[in-house]
Structure formats: structure tokens, C-alpha cells
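Quick look at final11.pdb (PDB, C-alpha atoms):
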```
ATOM      1  CA  MET A 206      36.230 -51.181 -45.874
ATOM      2  CA  ASN A 207      33.505 -51.392 -43.284
ATOM      3  CA  THR A 208      31.823 -48.113 -44.063
ATOM      4  CA  GLU A 209      28.592 -46.426 -44.994
ATOM      5  CA  LEU A 210      27.482 -44.913 -48.264
ATOM      6  CA  SER A 211      27.709 -41.452 -46.713
ATOM      7  CA  ASP A 212      31.396 -42.005 -45.839
ATOM      8  CA  PHE A 213      32.253 -43.238 -49.305
ATOM      9  CA  PHE A 214      30.503 -40.482 -51.239
ATOM     10  CA  PHE A 215      31.127 -37.529 -48.920
ATOM     11  CA  ASN A 216      34.421 -38.243 -47.114
ATOM     12  CA  VAL A 217      36.728 -40.550 -49.086
ATOM     13  CA  PRO A 218      39.254 -38.530 -51.172
ATOM     14  CA  LEU A 219      39.498 -38.984 -54.922
ATOM     15  CA  TYR A 220      41.825 -41.735 -56.166
ATOM     16  CA  SER A 221      41.986 -43.391 -52.732
ATOM     17  CA  GLN A 222      41.718 -47.138 -53.209
ATOM     18  CA  VAL A 223      39.622 -48.405 -50.338
ATOM     19  CA  GLU A 224      39.585 -52.106 -49.618
ATOM     20  CA  VAL A 225      36.112 -53.594 -49.368
ATOM     21  CA  LYS A 226      35.551 -56.161 -46.618
ATOM     22  CA  ASP A 227      31.770 -56.143 -46.751
ATOM     23  CA  LEU A 228      31.089 -57.609 -50.200
ATOM     24  CA  GLU A 229      27.543 -56.260 -50.145
ATOM     25  CA  PHE A 230      28.903 -52.716 -50.249
ATOM     26  CA  PRO A 231      29.640 -52.580 -54.022
ATOM     27  CA  PHE A 232      26.017 -53.579 -54.623
ATOM     28  CA  LYS A 233      24.874 -50.584 -52.591
ATOM     29  CA  VAL A 234      27.147 -48.260 -54.583
ATOM     30  CA  PHE A 235      26.317 -49.473 -58.083
ATOM     31  CA  ARG A 236      22.672 -50.453 -57.729
ATOM     32  CA  THR A 237      19.927 -47.914 -58.434
ATOM     33  CA  ASN A 238      17.851 -48.139 -55.280
ATOM     34  CA  ALA A 239      15.530 -45.457 -53.913
ATOM     35  CA  SER A 240      14.640 -47.573 -50.864
ATOM     36  CA  THR A 241      18.172 -47.401 -49.383
ATOM     37  CA  SER A 242      18.790 -43.892 -48.091
ATOM     38  CA  PHE A 243      21.759 -42.390 -46.271
ATOM     39  CA  HIS A 244      22.431 -39.120 -44.497
ATOM     40  CA  GLY A 245      24.664 -36.278 -45.653
ATOM     41  CA  TYR A 246      25.162 -32.552 -46.158
ATOM     42  CA  ASN A 247      23.976 -30.707 -49.259
ATOM     43  CA  PRO A 248      26.580 -27.969 -49.897
ATOM     44  CA  TRP A 249      24.460 -26.345 -52.609
ATOM     45  CA  GLN A 250      21.467 -25.857 -50.317
ATOM     46  CA  LYS A 251      23.526 -25.684 -47.082
ATOM     47  CA  TYR A 252      21.450 -28.138 -45.060
ATOM     48  CA  GLU A 253      21.450 -31.757 -43.881
ATOM     49  CA  SER A 254      19.428 -34.198 -45.938
ATOM     50  CA  SER A 255      18.884 -37.809 -46.932
ATOM     51  CA  PHE A 256      20.167 -39.220 -50.243
ATOM     52  CA  TYR A 257      19.671 -42.340 -52.336
ATOM     53  CA  ILE A 258      21.271 -43.872 -55.447
ATOM     54  CA  TYR A 259      19.394 -42.181 -58.264
ATOM     55  CA  ARG A 260      21.295 -43.800 -61.119
ATOM     56  CA  GLY A 261      23.687 -46.704 -60.691
ATOM     57  CA  TYR A 262      24.797 -49.406 -63.083
ATOM     58  CA  SER A 263      21.418 -51.162 -62.821
ATOM     59  CA  ASN A 264      18.441 -51.550 -60.518
ATOM     60  CA  SER A 265      18.742 -55.320 -60.850
ATOM     61  CA  TYR A 266      20.668 -57.051 -58.061
ATOM     62  CA  ASN A 267      21.593 -59.965 -60.372
ATOM     63  CA  GLU A 268      22.888 -57.661 -63.104
ATOM     64  CA  VAL A 269      25.081 -55.775 -60.659
ATOM     65  CA  LYS A 270      26.306 -59.057 -59.143
ATOM     66  CA  GLU A 271      27.265 -60.363 -62.562
ATOM     67  CA  GLN A 272      29.032 -57.142 -63.532
ATOM     68  CA  ILE A 273      31.123 -56.717 -60.381
ATOM     69  CA  SER A 274      32.602 -60.163 -60.840
ATOM     70  CA  ASN A 275      34.794 -58.177 -63.267
ATOM     71  CA  ASN A 276      36.159 -54.650 -63.105
ATOM     72  CA  LEU A 277      33.475 -51.972 -63.351
ATOM     73  CA  MET A 278      33.811 -48.259 -64.107
ATOM     74  CA  HIS A 279      30.555 -46.352 -63.962
ATOM     75  CA  GLU A 280      29.104 -42.917 -63.324
ATOM     76  CA  VAL A 281      26.866 -43.038 -60.251
ATOM     77  CA  GLU A 282      24.356 -40.351 -59.356
ATOM     78  CA  ILE A 283      22.800 -39.699 -55.961
ATOM     79  CA  VAL A 284      19.832 -37.427 -55.329
ATOM     80  CA  CYS A 285      19.029 -35.165 -52.382
ATOM     81  CA  GLN A 286      15.562 -36.047 -51.146
ATOM     82  CA  ARG A 287      14.850 -32.526 -49.883
ATOM     83  CA  SER A 288      15.851 -30.504 -52.936
ATOM     84  CA  GLY A 289      16.101 -32.988 -55.799
ATOM     85  CA  ASP A 290      19.728 -31.925 -56.446
ATOM     86  CA  ILE A 291      21.728 -34.608 -58.244
ATOM     87  CA  PHE A 292      25.402 -35.223 -57.400
ATOM     88  CA  THR A 293      27.634 -37.193 -59.767
ATOM     89  CA  PHE A 294      30.477 -39.605 -58.938
ATOM     90  CA  GLY A 295      32.826 -41.574 -61.153
ATOM     91  CA  VAL A 296      33.434 -44.928 -59.399
ATOM     92  CA  TYR A 297      35.851 -47.721 -60.307
ATOM     93  CA  TRP A 298      35.601 -51.242 -58.890
ATOM     94  CA  ASP A 299      38.709 -53.449 -59.052
ATOM     95  CA  ALA A 300      37.397 -57.007 -58.814
ATOM     96  CA  GLU A 301      40.799 -58.603 -58.284
ATOM     97  CA  LYS A 302      41.918 -56.247 -55.496
ATOM     98  CA  GLN A 303      38.350 -55.798 -54.249
ATOM     99  CA  THR A 304      38.802 -52.053 -53.956
ATOM    100  CA  LEU A 305      36.569 -49.099 -54.752
ATOM    101  CA  MET A 306      37.929 -45.783 -55.969
ATOM    102  CA  LYS A 307      36.316 -42.496 -56.943
ATOM    103  CA  TYR A 308      37.990 -40.934 -59.991
ATOM    104  CA  GLY A 309      35.738 -37.884 -60.111
ATOM    105  CA  GLN A 310      32.838 -36.204 -58.350
ATOM    106  CA  LEU A 311      30.681 -33.085 -58.321
ATOM    107  CA  PRO A 312      30.458 -31.493 -55.754
ATOM    108  CA  SER A 313      33.959 -32.220 -54.471
ATOM    109  CA  VAL A 314      34.727 -33.719 -51.063
ATOM    110  CA  ALA A 315      35.990 -30.298 -50.013
ATOM    111  CA  ASP A 316      32.678 -28.691 -51.049
ATOM    112  CA  PHE A 317      30.773 -30.954 -48.654
ATOM    113  CA  HIS A 318      32.877 -29.906 -45.663
ATOM    114  CA  ILE A 319      33.987 -26.340 -46.396
ATOM    115  CA  SER A 320      30.389 -25.129 -46.488
ATOM    116  CA  GLU A 321      29.824 -26.651 -43.039
ATOM    117  CA  VAL A 322      32.813 -24.971 -41.369
ATOM    118  CA  LYS A 323      31.838 -21.449 -42.420
ATOM    119  CA  LYS A 324      29.782 -21.226 -39.226
ATOM    120  CA  TYR A 325      33.088 -20.824 -37.346
ATOM    121  CA  ASN A 326      33.750 -17.405 -38.903
ATOM    122  CA  LYS A 327      32.808 -15.811 -35.570
ATOM    123  CA  LEU A 328      35.479 -17.800 -33.737
ATOM    124  CA  LEU A 329      38.440 -17.933 -36.097
ATOM    125  CA  PRO A 330      40.192 -14.993 -37.778
ATOM    126  CA  GLU A 331      40.223 -14.964 -41.565
ATOM    127  CA  GLU A 332      43.735 -16.424 -41.741
ATOM    128  CA  LYS A 333      42.772 -19.408 -39.555
ATOM    129  CA  MET A 334      39.565 -20.010 -41.506
ATOM    130  CA  LYS A 335      41.674 -20.187 -44.663
ATOM    131  CA  GLU A 336      43.971 -22.695 -42.975
ATOM    132  CA  PHE A 337      41.016 -24.805 -41.847
ATOM    133  CA  THR A 338      39.496 -24.895 -45.333
ATOM    134  CA  LYS A 339      42.935 -25.551 -46.822
ATOM    135  CA  ALA A 340      43.307 -28.597 -44.550
ATOM    136  CA  ILE A 341      39.972 -29.924 -45.812
ATOM    137  CA  GLY A 342      40.895 -29.224 -49.424
ATOM    138  CA  LEU A 343      44.280 -30.948 -49.135
ATOM    139  CA  ALA A 344      42.768 -34.042 -47.518
ATOM    140  CA  ALA A 345      40.093 -34.157 -50.223
ATOM    141  CA  ASN A 346      42.879 -34.290 -52.809
ATOM    142  CA  GLY A 347      44.914 -36.956 -51.067
ATOM    143  CA  VAL A 348      47.487 -34.756 -49.300
ATOM    144  CA  GLY A 349      47.329 -36.044 -45.738
ATOM    145  CA  ILE A 350      50.520 -34.676 -44.175
ATOM    146  CA  GLY A 351      49.848 -31.149 -45.416
ATOM    147  CA  ALA A 352      46.287 -31.375 -44.066
ATOM    148  CA  PHE A 353      47.674 -32.338 -40.632
ATOM    149  CA  VAL A 354      49.961 -29.266 -40.678
ATOM    150  CA  TYR A 355      47.000 -26.909 -41.005
ATOM    151  CA  LEU A 356      44.879 -28.741 -38.430
ATOM    152  CA  ARG A 357      47.734 -28.485 -35.950
ATOM    153  CA  ARG A 358      47.905 -24.729 -36.556
ATOM    154  CA  ILE A 359      44.219 -24.440 -35.650
ATOM    155  CA  PHE A 360      44.831 -26.431 -32.460
ATOM    156  CA  GLU A 361      47.793 -24.202 -31.550
ATOM    157  CA  TYR A 362      45.728 -21.079 -32.185
ATOM    158  CA  LEU A 363      43.070 -22.259 -29.729
ATOM    159  CA  ILE A 364      45.752 -22.831 -27.077
ATOM    160  CA  LYS A 365      47.318 -19.406 -27.760
ATOM    161  CA  GLU A 366      43.910 -17.725 -27.520
ATOM    162  CA  ALA A 367      43.264 -19.300 -24.099
ATOM    163  CA  TYR A 368      46.803 -18.427 -22.964
ATOM    164  CA  ASP A 369      46.385 -14.745 -23.862
ATOM    165  CA  MET A 370      43.143 -14.647 -21.878
ATOM    166  CA  CYS A 371      44.684 -16.333 -18.820
ATOM    167  CA  LEU A 372      47.775 -14.118 -18.993
ATOM    168  CA  LYS A 373      45.605 -11.002 -19.096
ATOM    169  CA  GLU A 374      43.664 -12.193 -16.058
ATOM    170  CA  LYS A 375      46.921 -13.215 -14.310
ATOM    171  CA  LEU A 376      45.763 -16.828 -14.051
ATOM    172  CA  VAL A 377      49.017 -18.226 -15.462
ATOM    173  CA  LYS A 378      52.669 -17.198 -15.321
ATOM    174  CA  GLU A 379      54.436 -16.691 -18.647
ATOM    175  CA  GLU A 380      57.568 -18.568 -17.534
ATOM    176  CA  ASP A 381      55.503 -21.593 -16.433
ATOM    177  CA  PHE A 382      53.654 -21.690 -19.729
ATOM    178  CA  GLN A 383      56.679 -21.250 -21.989
ATOM    179  CA  ARG A 384      58.669 -24.124 -20.489
ATOM    180  CA  ALA A 385      55.713 -26.535 -20.352
ATOM    181  CA  ARG A 386      55.004 -29.313 -22.845
ATOM    182  CA  MET A 387      51.721 -29.096 -24.741
ATOM    183  CA  ASP A 388      49.820 -31.451 -22.424
ATOM    184  CA  GLU A 389      51.085 -29.415 -19.451
ATOM    185  CA  LYS A 390      50.031 -26.190 -21.153
ATOM    186  CA  ILE A 391      46.538 -27.592 -21.589
ATOM    187  CA  ASN A 392      46.454 -28.410 -17.867
ATOM    188  CA  LEU A 393      47.483 -24.861 -17.004
ATOM    189  CA  LEU A 394      44.739 -23.424 -19.225
ATOM    190  CA  SER A 395      42.065 -26.060 -18.611
ATOM    191  CA  GLU A 396      39.599 -23.619 -17.004
ATOM    192  CA  HIS A 397      39.552 -21.556 -20.209
ATOM    193  CA  LEU A 398      39.539 -24.394 -22.745
ATOM    194  CA  PRO A 399      36.619 -26.457 -24.095
ATOM    195  CA  ASN A 400      36.113 -29.709 -22.187
ATOM    196  CA  PHE A 401      36.545 -31.824 -25.300
ATOM    197  CA  LEU A 402      39.990 -30.359 -25.962
ATOM    198  CA  VAL A 403      41.113 -30.937 -22.357
ATOM    199  CA  GLU A 404      39.809 -34.512 -22.353
ATOM    200  CA  ASN A 405      41.306 -35.282 -25.776
ATOM    201  CA  ARG A 406      44.624 -33.455 -25.523
ATOM    202  CA  THR A 407      46.339 -36.364 -27.305
ATOM    203  CA  MET A 408      45.009 -34.875 -30.540
ATOM    204  CA  TYR A 409      48.055 -32.609 -30.611
ATOM    205  CA  SER A 410      50.554 -35.458 -30.317
ATOM    206  CA  ILE A 411      48.710 -37.340 -33.081
ATOM    207  CA  LEU A 412      48.847 -34.281 -35.353
ATOM    208  CA  SER A 413      52.556 -33.838 -34.609
ATOM    209  CA  LEU A 414      53.211 -37.534 -35.220
ATOM    210  CA  GLY A 415      51.422 -37.262 -38.560
ATOM    211  CA  ILE A 416      53.636 -34.376 -39.638
ATOM    212  CA  HIS A 417      56.915 -36.022 -38.638
ATOM    213  CA  GLU A 418      56.432 -39.792 -38.870
ATOM    214  CA  LEU A 419      53.172 -41.018 -40.423
ATOM    215  CA  LYS A 420      52.769 -41.704 -44.135
ATOM    216  CA  GLU A 421      50.266 -39.920 -46.364
ATOM    217  CA  LYS A 422      47.809 -42.814 -46.330
ATOM    218  CA  ASN A 423      47.846 -42.961 -42.514
ATOM    219  CA  CYS A 424      47.232 -39.223 -42.237
ATOM    220  CA  LEU A 425      44.353 -39.472 -44.704
ATOM    221  CA  LYS A 426      42.920 -42.437 -42.819
ATOM    222  CA  HIS A 427      42.813 -40.467 -39.556
ATOM    223  CA  PHE A 428      42.126 -36.984 -40.923
ATOM    224  CA  ASP A 429      38.350 -37.157 -40.604
ATOM    225  CA  ALA A 430      38.482 -38.118 -36.912
ATOM    226  CA  LEU A 431      40.831 -35.220 -36.149
ATOM    227  CA  ARG A 432      38.832 -32.732 -38.227
ATOM    228  CA  ILE A 433      35.682 -33.723 -36.368
ATOM    229  CA  GLY A 434      37.577 -33.356 -33.078
ATOM    230  CA  ILE A 435      38.552 -29.782 -33.989
ATOM    231  CA  GLU A 436      34.946 -29.058 -34.999
ATOM    232  CA  ILE A 437      33.612 -30.367 -31.674
ATOM    233  CA  ILE A 438      36.033 -28.047 -29.863
ATOM    234  CA  LEU A 439      34.838 -25.129 -31.980
ATOM    235  CA  ASP A 440      31.201 -26.170 -31.479
ATOM    236  CA  GLU A 441      31.691 -25.894 -27.705
ATOM    237  CA  LYS A 442      33.143 -22.407 -28.116
ATOM    238  CA  LEU A 443      30.360 -21.448 -30.528
ATOM    239  CA  ASP A 444      27.681 -22.595 -28.072
ATOM    240  CA  GLU A 445      29.321 -20.513 -25.352
ATOM    241  CA  LEU A 446      29.470 -17.472 -27.636
ATOM    242  CA  ARG A 447      25.829 -17.831 -28.644
ATOM    243  CA  LYS A 448      24.817 -18.132 -25.001
ATOM    244  CA  LYS A 449      26.713 -14.934 -24.146
ATOM    245  CA  GLU A 450      25.125 -13.125 -27.098
ATOM    246  CA  LYS A 451      21.680 -14.323 -26.024
ATOM    247  CA  ILE A 452      22.263 -13.151 -22.444
ATOM    248  CA  GLU A 453      23.450  -9.733 -23.615
ATOM    249  CA  SER A 454      20.460  -9.410 -25.932
ATOM    250  CA  ALA A 455      18.072 -10.370 -23.117
ATOM    251  CA  LYS A 456      19.693  -7.870 -20.724
ATOM    252  CA  LYS A 457      19.352  -5.111 -23.306
ATOM    253  CA  LYS A 458      15.694  -5.889 -23.985
ATOM    254  CA  LEU A 459      14.865  -6.147 -20.276
ATOM    255  CA  GLY A 460      16.576  -2.813 -19.720
ATOM    256  CA  ILE A 461      14.344  -1.230 -22.351
ATOM    257  CA  VAL A 462      11.256  -2.785 -20.745
ATOM    258  CA  ASN A 463      12.241  -1.507 -17.301
ATOM    259  CA  GLN A 464      12.881   1.967 -18.659
ATOM    260  CA  GLU A 465       9.522   2.050 -20.430
ATOM    261  CA  ILE A 466       7.754   0.976 -17.226
ATOM    262  CA  LYS A 467       9.560   3.693 -15.228
ATOM    263  CA  ASN A 468       8.701   6.299 -17.844
ATOM    264  CA  SER A 469       5.039   5.301 -17.758
ATOM    265  CA  GLY A 470       4.943   5.764 -13.987
ATOM    266  CA  ASN A 471       3.796   2.178 -13.337
ATOM    267  CA  CYS A 472       6.910   1.093 -11.519
ATOM    268  CA  THR A 473       6.381   0.562  -7.774
TER     269      THR A 473
END
```

Show me this structure written as C-alpha cells.
Amino acid sequence: MNTELSDFFFNVPLYSQVEVKDLEFPFKVFRTNASTSFHGYNPWQKYESSFYIYRGYSNSYNEVKEQISNNLMHEVEIVCQRSGDIFTFGVYWDAEKQTLMKYGQLPSVADFHISEVKKYNKLLPEEKMKEFTKAIGLAANGVGIGAFVYLRRIFEYLIKEAYDMCLKEKLVKEEDFQRARMDEKINLLSEHLPNFLVENRTMYSILSLGIHELKEKNCLKHFDALRIGIEIILDEKLDELRKKEKIESAKKKLGIVNQEIKNSGNCT
């Protein structure tokens, strides 16, 4: 596993055995070391922060090196540098297989990500928000195919939303849309879809492949990339919504200013 501490602690599901290719990585996980920090999200405080290993097996490099020549099961704690919150992880090192596995953690993987996606409440109806959080929860518990099912539903909702808008504005014909494949549908709706979705339309085929052909471990391996892809799409829509809200607010305030000026008789 060529990864970072943030990926291991915040993204890897419980009981997933991840193969370690960088043999320095177990030292980073098990060694108490305040000088090595990594970035992540604090779901308790709801902000981004830096973390470091607050309590590992030992702060001695040699002691950790000696111990990981054999199997090692240890409770590792990391601390949030902004708040001082301490998160706990049960980590198992298999020396023969050279794999790391988390057998427990608080907060959960789902906690780290579900708190972040709540900002999309303005974009997704309650049912779709539940499906999004369910996808994250399933992936966090090692259910990759089920997680793909819910991500695909979010993707399909975004296409349906754009279709309804285009149909209302008579920008697309229903018969053309209904007989088109998904990539063709995205082309038809491209003017009303986020750029990232249009440019990365293969996401849908990957999600469909995961549901019908890929194994659980493959779906779990690729889940994070697809989740982030969905979030980028939603981020684009959220930026657009915020811009519209800001424009409407500015228009309203300027209207009040103009009215006050007219009422005061200072308008030329």
C-alpha cells in the first residue's frame, strides 16, 4: 500500500487487509511521533485540521522496528492539533503477509465523511441524502457493491434533474432522451450539467460495472475515487447555487438602497 496516514486512518474500511509496499509505513502508524503530521477532517468539531500520532506502540524507532518483525496488535491514538480531540484505532500488523488492518476505531470511517456531505442538503432531497450517507456507511463497513448501488442512484438523480429542467425549457425532446444511452443523455443535457460530470461521464459505466461484474474488494478499492467524483459534481452545483443566492441578495439590498435614495429626494 502506497498511501498516507490520512488515507489509512480516515478512509480504509475496518477489517480490510491492506498490503504494505512501503515498509516505512508501519513505523509511521505505530510510532508515537508529534513531528509527523497529516491532514484530515474532525467530525466532532466539523472542520479540517492536522493530526499526529499521540500514542503508538513506542516513540522509539528501534523498539517499533523490533516489534513489527513479528505480528503486532495495538491501540493507536491520534490527536487533532486544533481541538486536542483524541481518536482511537485498533490496528493489527501481520508480519508474514505484510498487511495492516484496522479492527476498530472511534470515530468511524463513516463519521469522517458523513459530516462532510451534510453541506449538500440544499442540493439533494432528503431521500437522496440518505442514500448518499448509506453509500458511505456501507463502504466503511466493507460492503462495496451496495455502496456502488447508492452512488449510482445519486448520479442518476443528477441526470434526471437536468433532464426535467431541459424538458421544461424545451431544450430536449423526450423521445430522443428516452432512447439514448447514458453517455448520449449526458451529451444532450451537457449545457445544464456540471462540467466535471460531462468530462467524466465514464463514472456511470464504472458504477454499473461495479454493480454487475466487479467483486467487493474492487468496489471498495475504487469507492473513494467515485465518491469524491460525485462530491466534485455537487460542489460545482453548490457554487452555482451560492452565486445565485448572493446575486439575489445583492439585488434585494441594492433595491432597498435605491428606494431609500428616492424617498429622501436625493435621486437625480

*Please evaluate the PyMOL selection byres ((chain A and resi 439-451) around 10) against the displayed coordinates and give the resulting residues as a ChimeraX atom specification.*
/A:322,324-329,363,398-402,433-438,452-457

*Run the PyMOL selection byres ((chain A and resi 396) around 12) against the file shown and list the residues it catches, as number ranges by chain.*
A: 364, 367-368, 370-371, 376-377, 390-395, 397-400, 402-403

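Each of A:Lys307, A:His279, A:Arg386, A:Lys270 was checked against Ala345 of chain A using only C-alpha atoms; the smallest atom-to-atom distance is that of A:Lys307.
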
*Just the residues within 6 Å of Val281 of chain A, please, counting only C-alpha atoms, with nothing from its chain fewer than 3 positions along; format it as a PyMOL selection string.*
chain A and resi 260-261+293-294

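With only C-alpha atoms as the atoms that count, the residue of A:Ser469, A:Glu389, A:Gly349, A:Val314 with the shortest distance to His427 of chain A is A:Gly349.
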